[in-house]
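A.B. asks: Here you go, this is protein_16.tsv (TSV, C-alpha atoms).
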chain	number	residue	atom	x	y	z
A	23	GLY	CA	96.99	84.78	71.95
A	24	LEU	CA	100.77	84.31	72.17
A	25	GLY	CA	100.55	81.76	74.94
A	26	PHE	CA	101.98	83.86	77.76
A	27	THR	CA	100.46	83.02	81.13
A	28	HIS	CA	102.43	85.24	83.56
A	29	LYS	CA	103.64	88.82	83.76
A	30	TRP	CA	106.87	90.12	85.30
A	31	ASN	CA	106.12	92.02	88.51
A	32	VAL	CA	108.77	94.70	87.95
A	33	SER	CA	107.28	97.00	90.58
A	34	TRP	CA	107.86	94.25	93.17
A	35	THR	CA	111.48	93.97	92.07
A	36	GLY	CA	111.99	97.71	92.32
A	37	ASP	CA	110.46	97.84	95.80
A	38	MET	CA	112.54	94.92	97.02
A	39	MET	CA	115.80	96.35	95.66
A	40	ALA	CA	114.98	99.70	97.30
A	41	TYR	CA	114.12	98.11	100.66
A	42	PHE	CA	116.95	95.60	100.93
A	43	SER	CA	119.59	98.11	99.84
A	44	LEU	CA	118.81	100.23	102.92
A	45	ALA	CA	120.86	100.04	106.09
A	46	PRO	CA	118.90	98.23	108.85
A	47	GLU	CA	118.26	101.41	110.83
A	48	TYR	CA	116.37	102.93	107.89
A	49	ARG	CA	114.29	99.92	106.84
A	50	ALA	CA	111.48	100.63	109.32
A	51	TYR	CA	110.73	103.84	107.42
A	52	SER	CA	110.25	101.90	104.17
A	53	LEU	CA	108.08	99.08	105.53
A	54	ASP	CA	105.37	100.12	103.04
A	55	LYS	CA	107.50	98.72	100.21
A	56	LEU	CA	107.01	95.23	101.67
A	57	ILE	CA	103.38	95.69	102.71
A	58	PHE	CA	102.09	97.36	99.55
A	59	SER	CA	103.55	94.64	97.34
A	60	ALA	CA	101.12	92.14	98.87
A	61	SER	CA	98.10	94.31	98.00
A	62	SER	CA	98.84	94.02	94.29
A	63	ALA	CA	100.23	90.47	94.24
A	64	PHE	CA	97.02	88.96	92.83
A	65	VAL	CA	96.13	91.56	90.20
A	66	GLU	CA	97.90	89.40	87.59
A	67	ASP	CA	99.56	86.01	87.51
A	68	TYR	CA	103.00	87.30	88.34
A	69	ILE	CA	106.62	86.24	88.14
A	70	LEU	CA	108.91	87.80	90.76
A	71	PRO	CA	111.92	88.54	88.57
A	72	LEU	CA	115.55	89.06	89.40
A	73	THR	CA	117.00	89.78	85.96
A	74	HIS	CA	120.30	91.04	84.54
A	75	GLU	CA	118.82	94.56	84.61
A	76	GLU	CA	119.28	94.64	88.39
A	77	PHE	CA	122.97	93.73	88.25
A	78	VAL	CA	124.52	95.67	85.34
A	79	TYR	CA	125.11	99.26	84.23
A	80	GLY	CA	126.92	100.41	87.36
A	81	LYS	CA	124.63	98.54	89.75
A	82	ARG	CA	125.91	95.90	92.14
A	83	SER	CA	125.30	92.32	93.16
A	84	LEU	CA	122.67	91.35	95.73
A	85	LEU	CA	125.36	90.52	98.24
A	86	GLU	CA	125.70	93.01	101.09
A	87	LYS	CA	125.82	90.49	103.93
A	88	PHE	CA	125.48	86.75	103.48
A	89	ALA	CA	122.74	86.64	106.13
A	90	GLY	CA	120.93	89.48	104.37
A	91	LEU	CA	121.04	87.60	101.08
A	92	ARG	CA	119.63	84.47	102.71
A	93	SER	CA	116.82	86.47	104.31
A	94	PHE	CA	115.95	88.09	100.99
A	95	PHE	CA	115.58	84.72	99.27
A	96	GLY	CA	113.64	83.34	102.24
A	97	PHE	CA	111.12	86.17	101.85
A	98	MET	CA	111.01	85.94	98.05
A	99	MET	CA	110.37	82.19	97.94
A	100	ALA	CA	107.45	82.48	100.36
A	101	PHE	CA	105.86	85.50	98.67
A	102	PRO	CA	103.03	84.93	96.14
A	103	GLY	CA	104.23	84.60	92.57
A	104	LYS	CA	106.50	82.44	90.46
A	105	LYS	CA	110.21	82.94	91.08
A	106	MET	CA	113.01	83.93	88.73
A	107	SER	CA	116.54	84.36	90.06
A	108	PHE	CA	119.51	85.63	88.12
A	109	MET	CA	122.59	83.46	87.80
A	110	GLY	CA	125.17	83.96	90.49
A	111	CYS	CA	122.74	85.25	93.09
A	112	GLU	CA	122.40	81.80	94.60
A	113	PHE	CA	126.00	81.71	95.82
A	114	GLY	CA	126.52	85.41	96.49
A	115	GLN	CA	128.47	86.66	93.50
A	116	THR	CA	130.25	89.83	94.60
A	117	SER	CA	130.49	91.88	91.42
A	118	GLN	CA	127.90	93.08	88.95
A	119	TRP	CA	127.20	90.82	85.99
A	120	ASP	CA	129.50	91.17	82.99
A	121	TYR	CA	128.53	89.37	79.80
A	122	HIS	CA	132.18	89.40	78.70
A	123	SER	CA	133.11	86.89	81.41
A	124	GLN	CA	131.74	83.90	83.25
A	125	LEU	CA	130.32	83.79	86.76
A	126	GLU	CA	132.73	83.99	89.69
A	127	TRP	CA	132.90	80.24	90.20
A	128	GLU	CA	136.27	80.68	91.90
A	129	LEU	CA	134.41	82.05	94.94
A	130	LEU	CA	133.12	78.53	95.61
A	131	GLU	CA	136.58	77.01	95.25
A	132	ASP	CA	138.34	79.37	97.65
A	133	ASP	CA	139.40	77.51	100.81
A	134	ALA	CA	139.41	80.69	102.88
A	135	HIS	CA	136.55	81.83	105.14
A	136	GLU	CA	134.81	83.74	102.35
A	137	GLY	CA	134.81	80.67	100.13
A	138	ALA	CA	133.11	78.65	102.86
A	139	ALA	CA	130.49	81.40	103.20
A	140	HIS	CA	129.71	81.29	99.49
A	141	ARG	CA	129.34	77.50	99.59
A	142	ALA	CA	127.12	77.74	102.66
A	143	THR	CA	124.90	80.27	100.91
A	144	GLN	CA	124.65	78.01	97.88
A	145	ALA	CA	123.60	75.14	100.18
A	146	CYS	CA	120.97	77.36	101.79
A	147	ILE	CA	119.38	78.30	98.46
A	148	ALA	CA	119.46	74.67	97.31
A	149	ASP	CA	117.65	73.57	100.48
A	150	LEU	CA	115.21	76.45	100.12
A	151	ASN	CA	114.28	75.19	96.66
A	152	ARG	CA	113.64	71.73	98.07
A	153	VAL	CA	111.50	73.11	100.91
A	154	TYR	CA	109.54	75.17	98.40
A	155	ALA	CA	108.84	72.18	96.16
A	156	LYS	CA	107.89	69.95	99.10
A	157	ASN	CA	105.43	72.35	100.79
A	158	CYS	CA	102.51	73.06	98.48
A	159	PRO	CA	101.06	75.96	100.54
A	160	LEU	CA	103.97	77.98	99.13
A	161	TRP	CA	102.81	77.58	95.53
A	162	GLU	CA	99.67	75.49	94.98
A	163	ASP	CA	96.93	78.15	95.07
A	164	GLU	CA	98.97	81.33	94.65
A	165	SER	CA	96.63	83.03	92.15
A	166	ASN	CA	93.96	83.02	94.86
A	167	PRO	CA	94.04	86.03	97.24
A	168	GLN	CA	92.85	83.71	100.02
A	169	SER	CA	96.17	81.84	99.86
A	170	PHE	CA	97.94	84.69	101.66
A	171	TYR	CA	97.29	86.72	104.79
A	172	TRP	CA	99.34	88.86	107.13
A	173	ILE	CA	99.81	87.62	110.66
A	174	ASP	CA	101.70	90.78	111.61
A	175	PRO	CA	102.64	93.33	108.90
A	176	GLY	CA	105.15	95.08	111.10
A	177	ARG	CA	102.77	96.28	113.81
A	178	THR	CA	104.73	94.77	116.70
A	179	ASP	CA	108.12	95.67	115.27
A	180	PRO	CA	108.53	97.48	111.91
A	181	ASP	CA	111.60	95.38	111.08
A	182	ILE	CA	109.69	92.08	111.47
A	183	VAL	CA	106.85	90.82	109.30
A	184	SER	CA	104.99	87.53	109.50
A	185	PHE	CA	102.43	86.01	107.15
A	186	ALA	CA	100.82	82.72	106.16
A	187	ARG	CA	100.57	80.86	102.87
A	188	MET	CA	97.71	78.41	102.40
A	189	ASP	CA	97.03	75.58	99.95
A	190	GLU	CA	93.71	74.39	98.52
A	191	GLU	CA	93.14	72.10	101.52
A	192	GLY	CA	93.68	74.90	104.02
A	193	ASP	CA	97.09	73.69	105.22
A	194	GLU	CA	99.44	76.54	106.03
A	195	VAL	CA	103.08	77.51	106.15
A	196	LEU	CA	103.82	80.41	108.50
A	197	VAL	CA	106.66	82.76	107.57
A	198	VAL	CA	108.52	85.06	109.97
A	199	CYS	CA	111.10	87.56	108.72
A	200	ASN	CA	113.49	89.58	110.88
A	201	PHE	CA	115.13	92.16	108.63
A	202	SER	CA	116.88	93.99	111.45
A	203	ASN	CA	120.49	93.58	112.55
A	204	GLN	CA	119.45	92.61	116.08
A	205	PRO	CA	118.29	89.31	117.62
A	206	VAL	CA	114.65	89.46	118.70
A	207	ARG	CA	112.42	87.43	121.02
A	208	TYR	CA	109.19	87.46	119.03
A	209	ARG	CA	105.61	86.41	119.66
A	210	LEU	CA	103.90	84.90	116.63
A	211	GLY	CA	100.14	84.47	116.61
A	212	LEU	CA	99.27	80.86	115.72
A	213	PRO	CA	96.15	79.96	113.73
A	214	GLU	CA	96.06	76.45	115.24
A	215	GLU	CA	96.46	75.16	118.80
A	216	MET	CA	99.22	72.78	117.78
A	217	THR	CA	102.96	72.31	118.10
A	218	TYR	CA	104.68	73.75	115.04
A	219	THR	CA	107.96	72.69	113.45
A	220	VAL	CA	110.51	75.12	112.02
A	221	ILE	CA	110.89	73.47	108.61
A	222	PHE	CA	113.36	76.05	107.30
A	223	ASP	CA	115.62	78.61	108.96
A	224	THR	CA	118.09	80.80	107.07
A	225	ASP	CA	120.17	81.07	110.26
A	226	LEU	CA	121.23	77.42	110.44
A	227	GLU	CA	124.90	76.93	111.23
A	228	ARG	CA	125.53	75.00	108.04
A	229	TYR	CA	124.28	78.02	106.07
A	230	GLY	CA	126.73	80.28	107.87
A	231	GLY	CA	124.37	81.22	110.71
A	232	SER	CA	124.34	80.42	114.40
A	233	GLN	CA	121.44	77.99	114.91
A	234	THR	CA	122.56	74.39	115.44
A	235	GLU	CA	119.18	72.72	115.98
A	236	GLU	CA	117.16	71.80	112.89
A	237	ASN	CA	113.42	71.06	112.74
A	238	ARG	CA	112.84	72.69	116.12
A	239	LYS	CA	109.49	72.08	117.79
A	240	ILE	CA	107.59	75.18	118.88
A	241	PRO	CA	104.76	74.52	121.36
A	242	PRO	CA	101.82	76.92	121.55
A	243	VAL	CA	101.25	79.28	124.46
A	244	LEU	CA	97.51	79.06	125.13
A	245	ARG	CA	96.84	82.74	125.51
A	246	GLU	CA	95.22	85.19	123.12
A	247	TYR	CA	97.64	87.32	121.16
A	248	GLY	CA	97.42	89.41	117.99
A	249	GLY	CA	93.92	88.24	117.14
A	250	PHE	CA	94.74	84.54	117.61
A	251	ASP	CA	93.82	82.25	120.50
A	252	GLN	CA	97.44	81.12	120.96
A	253	TYR	CA	100.94	82.22	120.09
A	254	ALA	CA	104.49	80.92	119.79
A	255	GLU	CA	107.65	82.43	121.21
A	256	LEU	CA	110.46	82.50	118.67
A	257	ASP	CA	114.10	83.53	118.88
A	258	LEU	CA	114.86	85.36	115.64
A	259	ALA	CA	118.45	85.92	114.61
A	260	PRO	CA	119.43	89.12	112.78
A	261	TYR	CA	118.62	89.01	109.06
A	262	SER	CA	116.76	85.72	109.31
A	263	VAL	CA	113.63	84.02	107.97
A	264	GLN	CA	111.86	81.01	109.43
A	265	TYR	CA	109.13	78.80	107.95
A	266	LEU	CA	106.82	76.92	110.35
A	267	ARG	CA	104.34	74.14	109.70
A	268	TYR	CA	102.31	71.89	112.00
A	269	ASP	CA	101.89	68.98	109.58
A	270	VAL	CA	105.40	68.37	108.29
A	271	GLN	CA	105.39	66.16	105.19
A	272	GLU	CA	108.04	63.48	105.07
Step by step, read the file and then write its structure as structure tokens.

C.D. replies:
Amino acid sequence: GLGFTHKWNVSWTGDMMAYFSLAPEYRAYSLDKLIFSASSAFVEDYILPLTHEEFVYGKRSLLEKFAGLRSFFGFMMAFPGKKMSFMGCEFGQTSQWDYHSQLEWELLEDDAHEGAAHRATQACIADLNRVYAKNCPLWEDESNPQSFYWIDPGRTDPDIVSFARMDEEGDEVLVVCNFSNQPVRYRLGLPEEMTYTVIFDTDLERYGGSQTEENRKIPPVLREYGGFDQYAELDLAPYSVQYLRYDVQE
């Protein structure tokens, strides 16, 4: 009766902090932290919270590697649930939060290499917000369990997961996450026999990554794979997330 409509999914936050704090070589052994979170994502109307609790009292910032931070946000924004990020995460603040002082805005003003990396990360998160708002499969029907399904929950490679988000009309955004520190040539099962477009890639050069080509077209390979009648071949950079869609909205 107090008017609250959503509940903080603190177990999701705990699982994500535990998983992403691991060195890449150990993440495969904790894949269940990613997979299990999807099984409970629709029990309540959830908010995925990053709060001050995660970044104070001797804890640290989210930043371990800039690419790792971008991949975390790429996964979070595509996962079912409303999003709540803590201030400073969006540009890779390096120290834990201290209420006695302001955010480390000077990181964005530094002309050295690290300053450019912080600005590039901020640009990535800003673009990610725009992609999220523009593509309704990422948010329109997220209280419905049918709006999410795994394409590959780490069966092919335990460091790579792929899933789909679906809106009320059945349009989909496909999400591929490489949480390893190695580049991977990956086969992604496609639900439609169509050419897909990579509408977002955390590894773009202007975000501090290595990929120079934006909005890449990915044609289908017409051969059964992973339970689908066709698949795509993707080059995944280390610590990267890609979103694909076949009906890009202008």

A.B. asks: To one decimal in Å, tell me the separation between atom CA of Gly230 of chain A and atom CA of Pro71 of chain A.

C.D. replies: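 Distance between the two atoms: 25.7 Å.
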
A.B. asks: What does the structure give for the distance between atom CA of Ala138 of chain A and atom CA of Phe88 of chain A, in Å to one decimal?

C.D. replies: 11.1 Å

A.B. asks: Measuring between all atoms listed in the file, which one of A:Leu56, A:Ile173, A:Cys111, A:Met39 shows the shortest distance to Gln144 of chain A?

C.D. replies: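 Among the listed residues, the smallest separation from Gln144 of chain A belongs to A:Cys111.
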
A.B. asks: Name the closest residue to Ala89 of chain A among the candidates A:Lys104, A:Lys55, A:Lys29, A:His140; distances are taken between atoms, counting only C-alpha atoms.

C.D. replies: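 Looking only at the distances to Ala89 of chain A, the closest residue turns out to be A:His140.
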
A.B. asks: Which residue is closest to Pro167 of chain A? Choose from A:Ala142, A:Val220, A:Leu196, A:Ala186 and count all atoms listed in the file.

C.D. replies: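 Ranking A:Ala142, A:Val220, A:Leu196, A:Ala186 by distance to Pro167 of chain A, first place goes to A:Ala186.
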
A.B. asks: Calculated over only C-alpha atoms, which of the candidates A:Asp193, A:Ile182, A:Glu128, A:Gly114 has the smallest distance to Glu162 of chain A?

C.D. replies: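 Of all the options, A:Asp193 lies closest to Glu162 of chain A.
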
A.B. asks: Which neighbours of Met99 of chain A fall inside 9 Å, counting only C-alpha atoms, when residues of the same chain fewer than 4 positions from it are skipped, and could you give them as a VMD selection string?

C.D. replies: chain A and resid 94 to 95 103 to 105 150 to 151 154 160

A.B. asks: Please return as a PyMOL selection string every residue within 12 Å of (105.2, 71.2, 98.4), taking into account all atoms listed in the file and the file's own coordinates.

C.D. replies: chain A and resi 100+150-163+187-190+193-195+221+267+269-272

A.B. asks: Give the answer as one residue: which of A:Glu112, A:Asp174, A:Asp257, A:Glu131 has the shortest atom-to-atom distance to Ser232 of chain A, using only C-alpha atoms?

C.D. replies: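 With only C-alpha atoms as the atom set, the closest residue is A:Asp257.
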
A.B. asks: Out of A:Cys146, A:Ala254, A:Val183, A:Val32, which residue has the shortest atom-to-atom distance to Asp54 of chain A when counting only C-alpha atoms?

C.D. replies: A:Val183

A.B. asks: Please measure the separation of atom CA of Tyr261 of chain A and atom CA of Thr219 of chain A, giving the value in Å to one decimal.

C.D. replies: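 Computed distance, atom CA of Tyr261 of chain A to atom CA of Thr219 of chain A, equals 20.0 Å.
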
A.B. asks: Using only C-alpha atoms, determine which residues lie at most 9 Å from Ser52 of chain A, disregarding the query and same-chain residues fewer than 4 positions distant; provide the list as a list of chain:residue names.

C.D. replies: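 The filter keeps A:Ala40, A:Tyr41, A:Leu44, A:Tyr48, A:Leu56.
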
A.B. asks: Compute the distance from (116.0, 85.2, 108.1) to each atom, counting all atoms listed in the file, keep the residues with any atom at most 10 Å away, and return them as a PDB file with C-alpha atoms, keeping the file's coordinate frame; use the coordinates of the file.

C.D. replies:
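Wrote selection_27.pdb, looks like this:
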ATOM      1  CA  ALA A  89     122.740  86.640 106.130  1.00  0.00           C
ATOM      2  CA  GLY A  90     120.930  89.480 104.370  1.00  0.00           C
ATOM      3  CA  LEU A  91     121.040  87.600 101.080  1.00  0.00           C
ATOM      4  CA  ARG A  92     119.630  84.470 102.710  1.00  0.00           C
ATOM      5  CA  SER A  93     116.820  86.470 104.310  1.00  0.00           C
ATOM      6  CA  PHE A  94     115.950  88.090 100.990  1.00  0.00           C
ATOM      7  CA  PHE A  95     115.580  84.720  99.270  1.00  0.00           C
ATOM      8  CA  GLY A  96     113.640  83.340 102.240  1.00  0.00           C
ATOM      9  CA  PHE A  97     111.120  86.170 101.850  1.00  0.00           C
ATOM     10  CA  ILE A 182     109.690  92.080 111.470  1.00  0.00           C
ATOM     11  CA  VAL A 197     106.660  82.760 107.570  1.00  0.00           C
ATOM     12  CA  VAL A 198     108.520  85.060 109.970  1.00  0.00           C
ATOM     13  CA  CYS A 199     111.100  87.560 108.720  1.00  0.00           C
ATOM     14  CA  ASN A 200     113.490  89.580 110.880  1.00  0.00           C
ATOM     15  CA  PHE A 201     115.130  92.160 108.630  1.00  0.00           C
ATOM     16  CA  SER A 202     116.880  93.990 111.450  1.00  0.00           C
ATOM     17  CA  PHE A 222     113.360  76.050 107.300  1.00  0.00           C
ATOM     18  CA  ASP A 223     115.620  78.610 108.960  1.00  0.00           C
ATOM     19  CA  THR A 224     118.090  80.800 107.070  1.00  0.00           C
ATOM     20  CA  ASP A 225     120.170  81.070 110.260  1.00  0.00           C
ATOM     21  CA  LEU A 226     121.230  77.420 110.440  1.00  0.00           C
ATOM     22  CA  GLY A 231     124.370  81.220 110.710  1.00  0.00           C
ATOM     23  CA  LEU A 258     114.860  85.360 115.640  1.00  0.00           C
ATOM     24  CA  ALA A 259     118.450  85.920 114.610  1.00  0.00           C
ATOM     25  CA  PRO A 260     119.430  89.120 112.780  1.00  0.00           C
ATOM     26  CA  TYR A 261     118.620  89.010 109.060  1.00  0.00           C
ATOM     27  CA  SER A 262     116.760  85.720 109.310  1.00  0.00           C
ATOM     28  CA  VAL A 263     113.630  84.020 107.970  1.00  0.00           C
ATOM     29  CA  GLN A 264     111.860  81.010 109.430  1.00  0.00           C
ATOM     30  CA  TYR A 265     109.130  78.800 107.950  1.00  0.00           C
TER      31      TYR A 265
END

A.B. asks: Around all of segment 156-167 of chain A's listed atoms, make the axis-aligned box with 5 Å on each side and tell me centre and edge lengths in Å to one decimal, as AutoDock Vina command-line options.

C.D. replies:
--center_x 100.9 --center_y 78.0 --center_z 96.5 --size_x 23.9 --size_y 26.1 --size_z 18.6
